[in-house]
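Structure record follows, encoded as structure tokens.
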Amino acid sequence: MSAIDREQRIRARLAAAFAPHELTIVDESHLHAGHAGAAGGGGHFRIHIVADAFAGLPPVARHRRVYEALGDLMSGEVHALSIDARAPG
Amino acid sequence: MNAIDRIKTQLTSAPVVLYMKGTPDFPQCGFSAQTVGALRACNAKFTHFNIFEDPEVREALKTYSNWPTFPQLYVNGELIGGCDIALQMYRSGELQKLLSEAGAVPA
């Protein structure tokens, strides 16, 4: 699977789960190529997402919501995420 | 001892526990390295476990903590978060406060 396909899958899952006001996904896999943790081939992505669903949630809960929305993508296609999840305002 | 029991034992072994890729001096992932950097910047004492050394714990932790990636930072047995959250809390001063309250920062 290409990096662009991965990115589109992530985008589709997050859009469906959160109807975000803002959603930016940056593929940073190239920054991590070759280290031991990247051996499985999954990508590294940086996600900036602004959605109403995050209002009032502590950071751990926001990240868990993102991980839950990505579901099975986390077990193969996504090796690591950098997440900036916020509520509007 | 099964993996869940090992996790519970490890989490009670110190107030601050970091599950990471590699070791503090030889981290094998940038996110693990940055998290170690934040803890060291706080002058915090912490215990680390290299998840590459125990694949069973590595898998079991994802379910135990409902958190699929590493590093994972725990204070008093509770998941604080991964690298992003640790760095955000460091920048806001919350991490220093949390670690200090946990008794992990020498006076």
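In the structure tokens, the first chain shown is A, the next is B, and so on; residue numbers restart at 1 for each chain, and ligands run from 1 in the order shown.
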Which residues come within 6 Å of Arg46 of chain A, counting only C-alpha atoms, excluding same-chain residues fewer than 3 positions away, as an mmCIF file with N, CA, C and O atoms, in the first residue's frame?
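That gives us part.cif:
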data_model
loop_
_atom_site.group_PDB
_atom_site.id
_atom_site.type_symbol
_atom_site.label_atom_id
_atom_site.label_comp_id
_atom_site.auth_asym_id
_atom_site.auth_seq_id
_atom_site.Cartn_x
_atom_site.Cartn_y
_atom_site.Cartn_z
ATOM 1 N N ILE A 25 -3.011 16.110 7.839
ATOM 2 C CA ILE A 25 -2.252 14.874 8.014
ATOM 3 C C ILE A 25 -0.955 15.008 7.231
ATOM 4 O O ILE A 25 -0.973 15.296 6.038
ATOM 5 N N VAL A 26 0.155 14.837 7.931
ATOM 6 C CA VAL A 26 1.463 14.942 7.284
ATOM 7 C C VAL A 26 2.170 13.600 7.422
ATOM 8 O O VAL A 26 2.272 13.056 8.527
ATOM 9 N N LEU A 81 1.988 7.739 15.460
ATOM 10 C CA LEU A 81 1.246 8.960 15.194
ATOM 11 C C LEU A 81 1.731 10.047 16.128
ATOM 12 O O LEU A 81 2.005 9.798 17.298
ATOM 13 N N SER A 82 1.789 11.236 15.594
ATOM 14 C CA SER A 82 1.938 12.399 16.439
ATOM 15 C C SER A 82 0.611 13.140 16.342
ATOM 16 O O SER A 82 0.189 13.508 15.256
#
For this session: Can you check which residues of chain B have any atom within 12 Å of chain A? Use only C-alpha atoms and format it as number ranges by chain.
Result: B: 20-22, 26-32, 50-52, 59, 62-63, 65-74, 78-89
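The nearest approach to Arg11 of chain A among the residues A:Arg62, A:Asp72, A:Ile49, A:Glu28, with only C-alpha atoms taken into account, belongs to A:Ile49.
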Seminar exercise, completed: Atom pair atom CA of Ser100 of chain B + atom CA of Val17 of chain B, distance 14.2 Å
Exercise. Closest to Ala12 of chain A among A:Ala53, A:Ala87, A:Gly76, A:Thr24, using only C-alpha atoms?
Worked result: A:Thr24
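Distances here use only C-alpha atoms; by that measure, the residue among A:Ser29, A:Leu73, A:Arg86, A:Ala16 closest to His48 of chain A is A:Arg86.
Across the structure, atom CA of Ala3 of chain B and atom CA of Val16 of chain B are spaced 19.3 Å apart.
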Can you tell me which residues surround Thr47 of chain B at a distance of at most 9 Å, considering only C-alpha atoms, apart from same-chain residues fewer than 2 positions away, and format the answer as a PDB file with N, CA, C and O atoms, in the first residue's frame?
ATOM      1  N   GLN B  10       5.685  -4.282  37.194  1.00  0.00           N
ATOM      2  CA  GLN B  10       6.560  -3.208  36.714  1.00  0.00           C
ATOM      3  C   GLN B  10       5.994  -1.831  37.070  1.00  0.00           C
ATOM      4  O   GLN B  10       6.733  -0.925  37.450  1.00  0.00           O
ATOM      5  N   SER B  13       6.726  -0.778  40.514  1.00  0.00           N
ATOM      6  CA  SER B  13       8.134  -0.818  40.913  1.00  0.00           C
ATOM      7  C   SER B  13       8.712   0.572  41.142  1.00  0.00           C
ATOM      8  O   SER B  13       9.752   0.713  41.770  1.00  0.00           O
ATOM      9  N   ALA B  14       8.055   1.597  40.615  1.00  0.00           N
ATOM     10  CA  ALA B  14       8.543   2.965  40.774  1.00  0.00           C
ATOM     11  C   ALA B  14       7.389   3.920  40.494  1.00  0.00           C
ATOM     12  O   ALA B  14       6.446   3.563  39.783  1.00  0.00           O
ATOM     13  N   PRO B  15       7.447   5.138  41.051  1.00  0.00           N
ATOM     14  CA  PRO B  15       6.366   6.100  40.775  1.00  0.00           C
ATOM     15  C   PRO B  15       6.274   6.467  39.295  1.00  0.00           C
ATOM     16  O   PRO B  15       5.184   6.664  38.765  1.00  0.00           O
ATOM     17  N   VAL B  16       7.424   6.548  38.632  1.00  0.00           N
ATOM     18  CA  VAL B  16       7.431   6.938  37.223  1.00  0.00           C
ATOM     19  C   VAL B  16       8.037   5.811  36.398  1.00  0.00           C
ATOM     20  O   VAL B  16       9.185   5.410  36.629  1.00  0.00           O
ATOM     21  N   VAL B  17       7.240   5.293  35.484  1.00  0.00           N
ATOM     22  CA  VAL B  17       7.675   4.174  34.643  1.00  0.00           C
ATOM     23  C   VAL B  17       7.492   4.554  33.183  1.00  0.00           C
ATOM     24  O   VAL B  17       6.428   5.034  32.776  1.00  0.00           O
ATOM     25  N   LEU B  18       8.542   4.336  32.406  1.00  0.00           N
ATOM     26  CA  LEU B  18       8.476   4.614  30.972  1.00  0.00           C
ATOM     27  C   LEU B  18       8.704   3.321  30.194  1.00  0.00           C
ATOM     28  O   LEU B  18       9.756   2.676  30.331  1.00  0.00           O
ATOM     29  N   TYR B  19       7.718   2.937  29.406  1.00  0.00           N
ATOM     30  CA  TYR B  19       7.901   1.853  28.439  1.00  0.00           C
ATOM     31  C   TYR B  19       8.363   2.487  27.138  1.00  0.00           C
ATOM     32  O   TYR B  19       7.689   3.379  26.601  1.00  0.00           O
ATOM     33  N   LYS B  45      13.502  11.117  38.436  1.00  0.00           N
ATOM     34  CA  LYS B  45      13.940   9.726  38.480  1.00  0.00           C
ATOM     35  C   LYS B  45      12.841   8.880  37.847  1.00  0.00           C
ATOM     36  O   LYS B  45      11.651   9.058  38.143  1.00  0.00           O
ATOM     37  N   PHE B  49      11.446   0.389  30.855  1.00  0.00           N
ATOM     38  CA  PHE B  49      11.443  -0.972  30.323  1.00  0.00           C
ATOM     39  C   PHE B  49      11.526  -0.881  28.811  1.00  0.00           C
ATOM     40  O   PHE B  49      10.764  -0.122  28.182  1.00  0.00           O
TER      41      PHE B  49
END
Exercise. When you draw a straight line from atom CA of Asn76 of chain B to atom CA of Lys97 of chain B, how long is it in Å?
Worked result: 13.8 Å
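Nearest residue to Lys8 of chain B, choosing from B:Val105, B:Leu39, B:Val57, B:Leu95 and counting only C-alpha atoms: B:Val57.
Nearest residue to Phe54 of chain A among A:Ala17, A:Leu23, A:Pro88, A:Glu77 is A:Pro88, counting only C-alpha atoms.
For Arg6 of chain B, the list of residues within 12 Å, based on only C-alpha atoms and with local chain neighbours fewer than 6 positions off taken out, reads Thr12, Ser13, Phe49, Asp54, Glu56, Val57, Arg58, Ala60, Leu61 and Tyr64 of chain B.
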Pull N, CA, C and O atoms from the residues just selected and write them as a PDB file, in the first residue's frame.
ATOM      1  N   THR B  12       4.247  -0.999  39.552  1.00  0.00           N
ATOM      2  CA  THR B  12       4.333  -0.659  40.972  1.00  0.00           C
ATOM      3  C   THR B  12       5.782  -0.591  41.441  1.00  0.00           C
ATOM      4  O   THR B  12       6.038  -0.355  42.612  1.00  0.00           O
ATOM      5  N   SER B  13       6.726  -0.778  40.514  1.00  0.00           N
ATOM      6  CA  SER B  13       8.134  -0.818  40.913  1.00  0.00           C
ATOM      7  C   SER B  13       8.712   0.572  41.142  1.00  0.00           C
ATOM      8  O   SER B  13       9.752   0.713  41.770  1.00  0.00           O
ATOM      9  N   PHE B  49      11.446   0.389  30.855  1.00  0.00           N
ATOM     10  CA  PHE B  49      11.443  -0.972  30.323  1.00  0.00           C
ATOM     11  C   PHE B  49      11.526  -0.881  28.811  1.00  0.00           C
ATOM     12  O   PHE B  49      10.764  -0.122  28.182  1.00  0.00           O
ATOM     13  N   ASP B  54      10.802  -7.612  25.642  1.00  0.00           N
ATOM     14  CA  ASP B  54       9.702  -8.460  26.096  1.00  0.00           C
ATOM     15  C   ASP B  54       8.503  -8.294  25.155  1.00  0.00           C
ATOM     16  O   ASP B  54       7.599  -7.493  25.417  1.00  0.00           O
ATOM     17  N   GLU B  56       5.943 -10.048  24.656  1.00  0.00           N
ATOM     18  CA  GLU B  56       4.635 -10.328  25.267  1.00  0.00           C
ATOM     19  C   GLU B  56       4.101  -9.100  25.989  1.00  0.00           C
ATOM     20  O   GLU B  56       2.920  -8.755  25.882  1.00  0.00           O
ATOM     21  N   VAL B  57       4.976  -8.456  26.741  1.00  0.00           N
ATOM     22  CA  VAL B  57       4.556  -7.239  27.444  1.00  0.00           C
ATOM     23  C   VAL B  57       4.208  -6.152  26.436  1.00  0.00           C
ATOM     24  O   VAL B  57       3.228  -5.420  26.594  1.00  0.00           O
ATOM     25  N   ARG B  58       4.989  -6.075  25.378  1.00  0.00           N
ATOM     26  CA  ARG B  58       4.725  -5.069  24.341  1.00  0.00           C
ATOM     27  C   ARG B  58       3.303  -5.203  23.804  1.00  0.00           C
ATOM     28  O   ARG B  58       2.575  -4.220  23.688  1.00  0.00           O
ATOM     29  N   ALA B  60       0.745  -6.966  25.239  1.00  0.00           N
ATOM     30  CA  ALA B  60      -0.249  -6.898  26.313  1.00  0.00           C
ATOM     31  C   ALA B  60      -0.501  -5.454  26.763  1.00  0.00           C
ATOM     32  O   ALA B  60      -1.614  -5.095  27.142  1.00  0.00           O
ATOM     33  N   LEU B  61       0.534  -4.635  26.685  1.00  0.00           N
ATOM     34  CA  LEU B  61       0.385  -3.243  27.131  1.00  0.00           C
ATOM     35  C   LEU B  61      -0.627  -2.482  26.285  1.00  0.00           C
ATOM     36  O   LEU B  61      -1.347  -1.620  26.789  1.00  0.00           O
ATOM     37  N   TYR B  64      -3.850  -3.480  27.754  1.00  0.00           N
ATOM     38  CA  TYR B  64      -3.929  -3.080  29.163  1.00  0.00           C
ATOM     39  C   TYR B  64      -4.226  -1.590  29.298  1.00  0.00           C
ATOM     40  O   TYR B  64      -5.042  -1.164  30.109  1.00  0.00           O
TER      41      TYR B  64
END
For this session: Using DSSP on the backbone, list every residue of chain B that comes out as strand (DSSP E or B), and give them as a PyMOL selection string.
Result: chain B and resi 16-20+22+27+47-50+72-75+78-81
